[in-house]
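Colleague: Pasting a structure below so you can have a look.
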Protein chains: 2
Amino acid sequence: MSLKYGILGLLNYGTMTGYDLDKAFKSSVNIFWQAQTSQIYRELGTMEKLNWVETEVIIQHGKPNKKMYKITELGKSELLKWLYEASNKDFFKSKDSFLLMLFFSGEKTVDENIEMLKKFKQDCLEYFSVLNKVDENANYYTNRIEDDTKCVYWDIVLEFGKASMTATLQWIDDSIVRLEALK
Amino acid sequence: MSLKYGILGLLNYGTMTGYDLDKAFKSSVNIFWQAQTSQIYRELGTMEKLNWVETEVIIQHGKPNKKMYKITELGKSELLKWLYEASNKDFFKSKDSFLLMLFFSGEKTVDENIEMLKKFKQDCLEYFSVLNKVDENANYYTNRIEDDTKCVYWDIVLEFGKASMTATLQWIDDSIVRLEALK
DNA sequence: TGGGTCATGTAACCTGTTACATGATTAG
DNA sequence: CTAATCATGTAACAGGTTACATGACCCA
């Protein structure tokens with residue numbers, strides 16, 4: 001359900017092709033929302049039927065033709081409606097197979113689980129550098145937006161990513177200490 | 001994909017009905033994995049075909065008959081395989097419509113967004129008390145397990161929930177301060 | 001000459017959600 | 001007497017995932 005609004009939100013910054021949207025998703029919103037290329041094209045199709053977006057085909061030479069998607073007045077009002085009415089209950093409904101696995105890891109040895117957590121720590125550190133790269137990409141998109149106050153929200157969301165990673169790393173260390181004590 | 005393993009993990013603690021599994025999900029694993037009742041019954045059906053679980057019907061008087069599900073040897077080996085092979089990449093792929101909404105909230109006024117964050121803070125505090133209730137429920141399930149070291153993992157996972165909530169609350173406060181400064 | 005980028009999608013499948021159906025017992 | 005609990009599911013739909021198809025240009 002939210003994918004439509006993610007697309008509307010990005011189109012609200014400017015007219016784009018499905019291909020551009022795909023890249024925009026993968027280089028920005030990706031940290032808290034992922035969309036497959038095929039999904040984006042499918043949604044754009046249904047959104048055009050709903051009259052939330054309209055298209056214009058641009059003939060190109062040497063490259064495939066472009067289909068530019070533009071948000072309509074109806075689309076913009078749907079976006080605003082969502083911004084005002086969306087609930088936060090999703091936040092408390094995360095599905096995480098890693099935590100599910102850890103929950104049942106009593107079947108493995110303590111040493112094996114310490115190893116697993118150490119591996120996880122490595123992956124978290126790597127992810128941290130991904131977050132910093134997203135920070136750089138941000139400039140590309142935020143430069144296209146006139147109003148400076150709008151960029152604050154981008155930054156706040158990124159800070160969330162960093163804060164939760166920091167908490168996760170601390171939790172990993174605490175958990176390893178706890179497991180070491182069992183040996 | 002993980003739902004099957006969540007079911008296997010719980011059945012590994014003891015034989016249960018679909019109804020019991022539903023309750024077990026809702027009172028324990030629920031913080032990081034949610035499953036609908038209908039989904040559990042559907043998965044149990046396919047798992048029986050896969051021979052991961054086997055059933056025994058228990059005739060009851062005054063109550064509907066029970067269909068007890070028991071993990072098979074094959075099921076147990078599939079569970080172990082998953083515990084050893086599952087990756088942690090899901091952890092970095094969370095989908096969060098609240099963060100998506102916040103990202104696009106430059107369309108709203110600063111005051112409206114401060115209000116939204118304050119409301120979110122209230123919901124986070126409420127969720128904290130839910131986590132503590134889960135803590136109490138834990139005793140019911142952990143008492144049924146012989147091996148004490150297995151309960152550590154339950155606790156570690158719960159600690160994650162608390163740690164990330166603490167970090168989230170701190171982030172909310174910081175963000176509100178930041179938005180106040182824009183006024 | 002082979003891989004990457006540009007640009008569009010379709011098809012099949014799997015998973016998750018919502019709504020509904022049934023029917024008896026038990027506790028307030 | 002009414003709502004909750006026990007216990008089983010089905011059906012339809014929405015949303016997400018994986019794999020595949022096409023084809024030209026550009027750079028090394």
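Simple scheme: letters A, B, ... for chains in structure tokens order, numbers from 1 for residues in each chain, numbers from 1 for ligands in the order shown.
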Would you kindly report the residues of chain C within 10 Å of chain A, using only C-alpha atoms (C1' of nucleotides), as JSON, numbers by chain?
Modeller: {"C": [6, 7, 8, 9, 10]}
Colleague: Next, dump the selected residues to file, keeping only C-alpha atoms (C1' of nucleotides), as a PDB file, in the first residue's frame.
Modeller:
ATOM      1  C1'  DC C   6      19.736   3.035 -20.474  1.00  0.00           C
ATOM      2  C1'  DA C   7      14.810   1.790 -20.659  1.00  0.00           C
ATOM      3  C1'  DT C   8      10.826  -0.852 -20.863  1.00  0.00           C
ATOM      4  C1'  DG C   9       8.175  -4.299 -19.032  1.00  0.00           C
ATOM      5  C1'  DT C  10       5.614  -9.544 -18.527  1.00  0.00           C
TER       6       DT C  10
END
Colleague: Would you kindly return, as number ranges by chain, each protein, DNA or RNA residue with an atom no farther than 8 Å from any atom of region 11-22 of chain C, considering only C-alpha atoms (C1' of nucleotides) and excluding same-chain residues fewer than 4 positions away?
Modeller: B: 1, 39; D: 14-17
Colleague: Those selected residues, please, written with N, CA, C and O atoms (P, O5', C5', C4', C3', O3' and C1' of nucleotides) and delivered as an mmCIF file, in the first residue's frame.
Modeller:
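Saved to selection_22.cif:
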data_model
loop_
_atom_site.group_PDB
_atom_site.id
_atom_site.type_symbol
_atom_site.label_atom_id
_atom_site.label_comp_id
_atom_site.auth_asym_id
_atom_site.auth_seq_id
_atom_site.Cartn_x
_atom_site.Cartn_y
_atom_site.Cartn_z
ATOM 1 N N MET B 1 8.808 -17.211 3.820
ATOM 2 C CA MET B 1 9.725 -18.348 3.949
ATOM 3 C C MET B 1 10.038 -18.681 5.405
ATOM 4 O O MET B 1 10.122 -19.834 5.797
ATOM 5 N N GLN B 39 -2.912 -17.909 8.083
ATOM 6 C CA GLN B 39 -1.599 -18.203 7.522
ATOM 7 C C GLN B 39 -0.981 -19.426 8.188
ATOM 8 O O GLN B 39 -0.380 -20.270 7.528
ATOM 9 P P DA D 14 -7.633 -6.371 -4.645
ATOM 10 O "O5'" DA D 14 -6.371 -5.962 -3.770
ATOM 11 C "C5'" DA D 14 -6.430 -6.002 -2.350
ATOM 12 C "C4'" DA D 14 -5.020 -6.021 -1.821
ATOM 13 C "C3'" DA D 14 -4.029 -5.205 -2.643
ATOM 14 O "O3'" DA D 14 -3.273 -4.462 -1.699
ATOM 15 C "C1'" DA D 14 -3.248 -7.437 -2.414
ATOM 16 P P DG D 15 -2.208 -3.373 -2.105
ATOM 17 O "O5'" DG D 15 -0.848 -4.149 -1.882
ATOM 18 C "C5'" DG D 15 -0.529 -4.700 -0.615
ATOM 19 C "C4'" DG D 15 0.715 -5.533 -0.780
ATOM 20 C "C3'" DG D 15 1.830 -4.810 -1.534
ATOM 21 O "O3'" DG D 15 2.900 -4.750 -0.610
ATOM 22 C "C1'" DG D 15 1.518 -7.038 -2.350
ATOM 23 P P DG D 16 4.314 -4.142 -0.978
ATOM 24 O "O5'" DG D 16 5.093 -5.485 -1.307
ATOM 25 C "C5'" DG D 16 5.254 -6.488 -0.296
ATOM 26 C "C4'" DG D 16 6.145 -7.591 -0.811
ATOM 27 C "C3'" DG D 16 7.434 -7.135 -1.489
ATOM 28 O "O3'" DG D 16 8.493 -7.903 -0.919
ATOM 29 C "C1'" DG D 16 6.244 -8.632 -2.900
ATOM 30 P P DT D 17 9.993 -7.871 -1.474
ATOM 31 O "O5'" DT D 17 10.028 -9.153 -2.404
ATOM 32 C "C5'" DT D 17 9.751 -10.451 -1.850
ATOM 33 C "C4'" DT D 17 10.149 -11.511 -2.862
ATOM 34 C "C3'" DT D 17 11.511 -11.283 -3.515
ATOM 35 O "O3'" DT D 17 12.253 -12.486 -3.345
ATOM 36 C "C1'" DT D 17 9.837 -11.663 -5.178
#
Colleague: Residues of chain B classed as strand (DSSP E or B) by DSSP on the backbone are to be reported as a list of chain:residue names.
Modeller: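 In chain B, DSSP puts these residues in strand (DSSP E or B): B:Met16, B:Val53, B:Glu54, B:Thr55, B:Glu56, B:Val57, B:Ile58, B:Lys66, B:Lys67, B:Met68, B:Tyr69, B:Lys70, B:Ile71.
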Colleague: Mind giving me the straight-line distance from CA of Val53 (chain A) to CA of Asp111 (chain B) in Å, one decimal?
Modeller: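 Distance between the two atoms: 29.4 Å.
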Colleague: For CA of Ala86 (chain A) and CA of Ser97 (chain B), quote the distance in Å rounded to one decimal.
Modeller: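 About the pair CA of Ala86 (chain A) and CA of Ser97 (chain B): they are 8.2 Å apart.
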Colleague: Do a neighbour search on region 167-180 of chain B at 9 Å with only C-alpha atoms (C1' of nucleotides), toss out local chain neighbours closer than 2 positions, and write the hits as a PyMOL selection string.
Modeller: (chain A and resi 152+156+159-160+163-164+166-167) or (chain B and resi 110-111+113-114+117-118+120-121+124-125+162-165+182-183)
Colleague: What is the CA of Val130 (chain B) to CA of Lys26 (chain B) distance in Å?
Modeller: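 Those two atoms sit 11.8 Å apart.
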Colleague: What residues in chain D lie within 12 Å of chain B, counting only C-alpha atoms (C1' of nucleotides), written as an MDAnalysis selection string?
Modeller: chainID D and resid 5:11 16:17
Colleague: For the residues selected in the previous step, produce a file with N, CA and C atoms (P, O5', C5', C4', C3', O3' and C1' of nucleotides) as a CSV table (one decimal), in the first residue's frame.
Modeller:
chain,number,residue,atom,x,y,z
D,5,DT,P,-11.1,-13.9,25.6
D,5,DT,O5',-11.1,-15.5,25.5
D,5,DT,C5',-11.6,-16.3,26.7
D,5,DT,C4',-11.8,-17.7,26.2
D,5,DT,C3',-10.7,-18.2,25.3
D,5,DT,O3',-10.1,-19.4,25.8
D,5,DT,C1',-12.8,-18.8,24.5
D,6,DC,P,-9.0,-20.2,25.2
D,6,DC,O5',-9.9,-21.4,24.4
D,6,DC,C5',-10.4,-22.5,25.2
D,6,DC,C4',-11.0,-23.4,24.2
D,6,DC,C3',-10.0,-24.0,23.1
D,6,DC,O3',-10.1,-25.4,23.1
D,6,DC,C1',-12.0,-23.1,22.1
D,7,DA,P,-9.0,-26.3,22.6
D,7,DA,O5',-9.1,-26.0,21.0
D,7,DA,C5',-9.9,-26.9,20.3
D,7,DA,C4',-10.1,-26.4,18.9
D,7,DA,C3',-8.8,-26.0,18.0
D,7,DA,O3',-8.2,-27.1,17.5
D,7,DA,C1',-10.9,-24.9,17.4
D,8,DT,P,-7.1,-26.9,16.3
D,8,DT,O5',-8.0,-26.7,14.9
D,8,DT,C5',-8.9,-27.7,14.5
D,8,DT,C4',-9.8,-27.3,13.4
D,8,DT,C3',-9.1,-26.9,12.2
D,8,DT,O3',-8.9,-28.0,11.3
D,8,DT,C1',-11.0,-25.5,12.7
D,9,DG,P,-7.7,-28.0,10.3
D,9,DG,O5',-7.8,-26.5,9.7
D,9,DG,C5',-8.0,-26.4,8.4
D,9,DG,C4',-9.3,-25.6,8.1
D,9,DG,C3',-9.2,-24.9,6.8
D,9,DG,O3',-9.6,-25.8,5.7
D,9,DG,C1',-10.4,-23.6,8.4
D,10,DT,P,-9.0,-25.5,4.3
D,10,DT,O5',-10.1,-24.5,3.7
D,10,DT,C5',-11.5,-24.8,3.8
D,10,DT,C4',-12.3,-23.7,3.1
D,10,DT,C3',-11.8,-23.3,1.7
D,10,DT,O3',-12.9,-23.1,0.9
D,10,DT,C1',-11.7,-21.4,3.2
D,11,DA,P,-12.6,-23.0,-0.7
D,11,DA,O5',-12.7,-21.4,-0.9
D,11,DA,C5',-13.7,-20.6,-0.2
D,11,DA,C4',-13.6,-19.2,-0.7
D,11,DA,C3',-12.9,-19.0,-2.1
D,11,DA,O3',-13.7,-18.1,-2.8
D,11,DA,C1',-11.8,-17.8,-0.4
D,16,DG,P,4.3,-4.1,-1.0
D,16,DG,O5',5.1,-5.5,-1.3
D,16,DG,C5',5.3,-6.5,-0.3
D,16,DG,C4',6.1,-7.6,-0.8
D,16,DG,C3',7.4,-7.1,-1.5
D,16,DG,O3',8.5,-7.9,-0.9
D,16,DG,C1',6.2,-8.6,-2.9
D,17,DT,P,10.0,-7.9,-1.5
D,17,DT,O5',10.0,-9.2,-2.4
D,17,DT,C5',9.8,-10.5,-1.9
D,17,DT,C4',10.1,-11.5,-2.9
D,17,DT,C3',11.5,-11.3,-3.5
D,17,DT,O3',12.3,-12.5,-3.3
D,17,DT,C1',9.8,-11.7,-5.2
Colleague: Got a sec: who's within 9 Å of region 54-61 of chain A, counting only C-alpha atoms (C1' of nucleotides), leaving out chain neighbours fewer than 5 positions off, as an NGL selection string?
Modeller: :A and (47-48 or 66-72)
Colleague: Against chain A, which residues of chain B fall within 7 Å? For each one I want the closest pair of atoms and the distance in Å (one decimal), counting only C-alpha atoms, rows by chain and increasing residue number, as a Markdown table.
Modeller:
| residue | atom | partner | partner_atom | distance |
| --- | --- | --- | --- | --- |
| B:Ser2 | CA | A:Ser97 | CA | 6.2 |
| B:Gly6 | CA | A:Leu100 | CA | 6.9 |
| B:Gly9 | CA | A:Phe104 | CA | 6.1 |
| B:Phe32 | CA | A:Lys95 | CA | 5.1 |
| B:Trp33 | CA | A:Lys95 | CA | 4.8 |
| B:Gln34 | CA | A:Lys95 | CA | 7.0 |
| B:Leu83 | CA | A:Met101 | CA | 6.1 |
| B:Asn88 | CA | A:Phe98 | CA | 5.2 |
| B:Asp90 | CA | A:Asp96 | CA | 6.2 |
| B:Phe91 | CA | A:Asp96 | CA | 5.9 |
| B:Lys93 | CA | A:Phe32 | CA | 7.0 |
| B:Ser94 | CA | A:Phe32 | CA | 5.7 |
| B:Lys95 | CA | A:Trp33 | CA | 4.8 |
| B:Asp96 | CA | A:Phe32 | CA | 5.5 |
| B:Ser97 | CA | A:Ser2 | CA | 6.2 |
| B:Phe98 | CA | A:Asn88 | CA | 5.2 |
| B:Leu99 | CA | A:Val157 | CA | 6.4 |
| B:Leu100 | CA | A:Phe32 | CA | 6.8 |
| B:Met101 | CA | A:Leu83 | CA | 6.1 |
| B:Leu102 | CA | A:Tyr153 | CA | 6.4 |
| B:Phe103 | CA | A:Trp154 | CA | 5.2 |
| B:Phe104 | CA | A:Gly9 | CA | 6.1 |
| B:Ser105 | CA | A:Tyr153 | CA | 6.7 |
| B:Gly106 | CA | A:Lys150 | CA | 4.3 |
| B:Phe120 | CA | A:Asn88 | CA | 6.9 |
| B:Thr149 | CA | A:Gly106 | CA | 6.9 |
| B:Lys150 | CA | A:Gly106 | CA | 4.3 |
| B:Tyr153 | CA | A:Phe103 | CA | 5.2 |
| B:Trp154 | CA | A:Phe103 | CA | 5.2 |
| B:Ile156 | CA | A:Ser175 | CA | 6.5 |
| B:Val157 | CA | A:Phe103 | CA | 6.3 |
| B:Phe160 | CA | A:Trp171 | CA | 6.5 |
| B:Ala163 | CA | A:Ala167 | CA | 6.4 |
| B:Ser164 | CA | A:Ser164 | CA | 6.2 |
| B:Ala167 | CA | A:Ser164 | CA | 6.2 |
| B:Trp171 | CA | A:Phe160 | CA | 6.5 |
| B:Ser175 | CA | A:Ile156 | CA | 6.5 |
